[in-house]
Amino acid sequence: MTAQPSELGIKQELSLGEVISKTFEVYRRDFVKYFILFAVVEVIIGIVTALAQHAFVLPTLSTSSTSQQVSSSFSAFFGALIPLVASIFLVTVVFFPIAQRSAIKLASKRIEKGQAELGLSIRFAARKLIWIWILTIVVGILVFLGFIALIVPGIILAIMFALAFPVLLIENKGIGGSMGRSRQLVGHRWLKTFATYLVLGIIVAIAAVIVSVISAPFGIASPVVSGILSALYQPLFPILLCVYYYSNLARISPHPEFQMPGMPTTAGVQAGMKYCPNCGTQLPLSATFCTNCGTRVV
């Protein structure tokens with residue numbers, strides 16, 4: 001059982017320019033879905049940020065403040081800072097990873113099947129949230145330690161595990177398997193991987209500066225305005241991860257016909273069984289929904 005390739009299917013390794021071009025092409029095809037996804041998440045984060053800043057006002061001191069006033073202000077400062085940071089952190093760490101990984105799933109479906117469902121992608125990412133957190137923590141610690149060591153090891157580790165999240169979501173591998181697979185996919189393409197992310201990083205950084213300038217005059221509402229405008233460029237990085245994943249997948253395991261990652265061949269299908277078109281899980285013929293990812297199966 002193989003998936004028919006869409007017109008956006010990636011059957012061979014792409015050059016750096018082609019990766020960037022394909023990223024924008026995939027983004028353009030589902031622009032409204034990506035914008036809604038990130039705009040809603042960014043507005044939620046922006047509203048919480050604005051409310052937290054209004055509720056937990058950090059005290060200020062004048063140059064004429066006495067030592068006693070300075071001392072007492074420290075407790076007030078941290079008393080406001082801790083709940084302010086905690087509230088913003090909690091809402092960000094829940095909603096932003098779901099948006100990022102939903103975008104990867106959306107792009108994957110567009111590349112594989114030529115169609116993408118926003119609701120299904122969000123539900124899938126939400127079910128994977130715990131694994132996303134664990135992978136983020138593990139990779140983050142390794143990269144952080146690498147940067148502390150000599151900086152260069154941190155860059156190498158960041159490149160090595162750059163495709164761990166697409167592997168986790170598309171191939172449905174575990175934490176260790178996703179990291180190992182990422183290392184295999186970017187092997188012999190270290191400089192290209194770094195250059196690809198650097199180019200998109202520059203594009204996103206320029207867009208972020210423009211958004212910051214536009215939203216600054218809105219005062220307390222600036223986080224919300226900034227969030228909505230940020231939704232225009234936030235999807236680019238997860239889409240790039242997905243496109244670059246398929247580019248490297250085509251390089252290391254080229255097929256005459258596009259086959260979904262982790263999907264068994266027709267020869268491997270057992271009598272009386274079928275496979276989930278989303279994650280490849282083996283299911284009985286009577287199954288209506290996949291027991292692993294919840295996708296409706298025909």
# chains A, B, ... in the order shown; residues from 1 in each chain; ligands from 1
>>> residues_around(residues="region 32-37 of chain A", least_positions_apart="6", cutoff="8 Å", atoms="only C-alpha atoms", output="ChimeraX atom specification")
/A:99,103,118,231-232,235
>>> residues_around(residues="Ala164 (chain A)", least_positions_apart="6", cutoff="12 Å", atoms="only C-alpha atoms", output="number ranges by chain")
A: 101, 104, 131-132, 134-136, 138-140, 157-158, 170-186, 238, 241-242, 244-245
>>> closest_atom_pairs(of="region 1-40 of chain A", to="region 221-229 of chain A", cutoff="9 Å", atoms="only C-alpha atoms", output="CSV")
residue,atom,partner,partner_atom,distance
A:Phe35,CA,A:Ile228,CA,8.5
A:Phe38,CA,A:Ile228,CA,7.8
A:Ala39,CA,A:Ile228,CA,4.9
A:Val40,CA,A:Ile228,CA,7.8
>>> select_by_dssp(residues="region 128-295 of chain A", states="alpha helix (DSSP H)", output="PyMOL selection string")
chain A and resi 129-150+152-160+164-166+175-186+190-215+222-230+236-252
>>> atom_distance(atom1="CA of Thr193 (chain A)", atom2="CA of Phe161 (chain A)")
10.8 Å
>>> atom_distance(atom1="CA of Met160 (chain A)", atom2="CA of Ser230 (chain A)")
27.7 Å
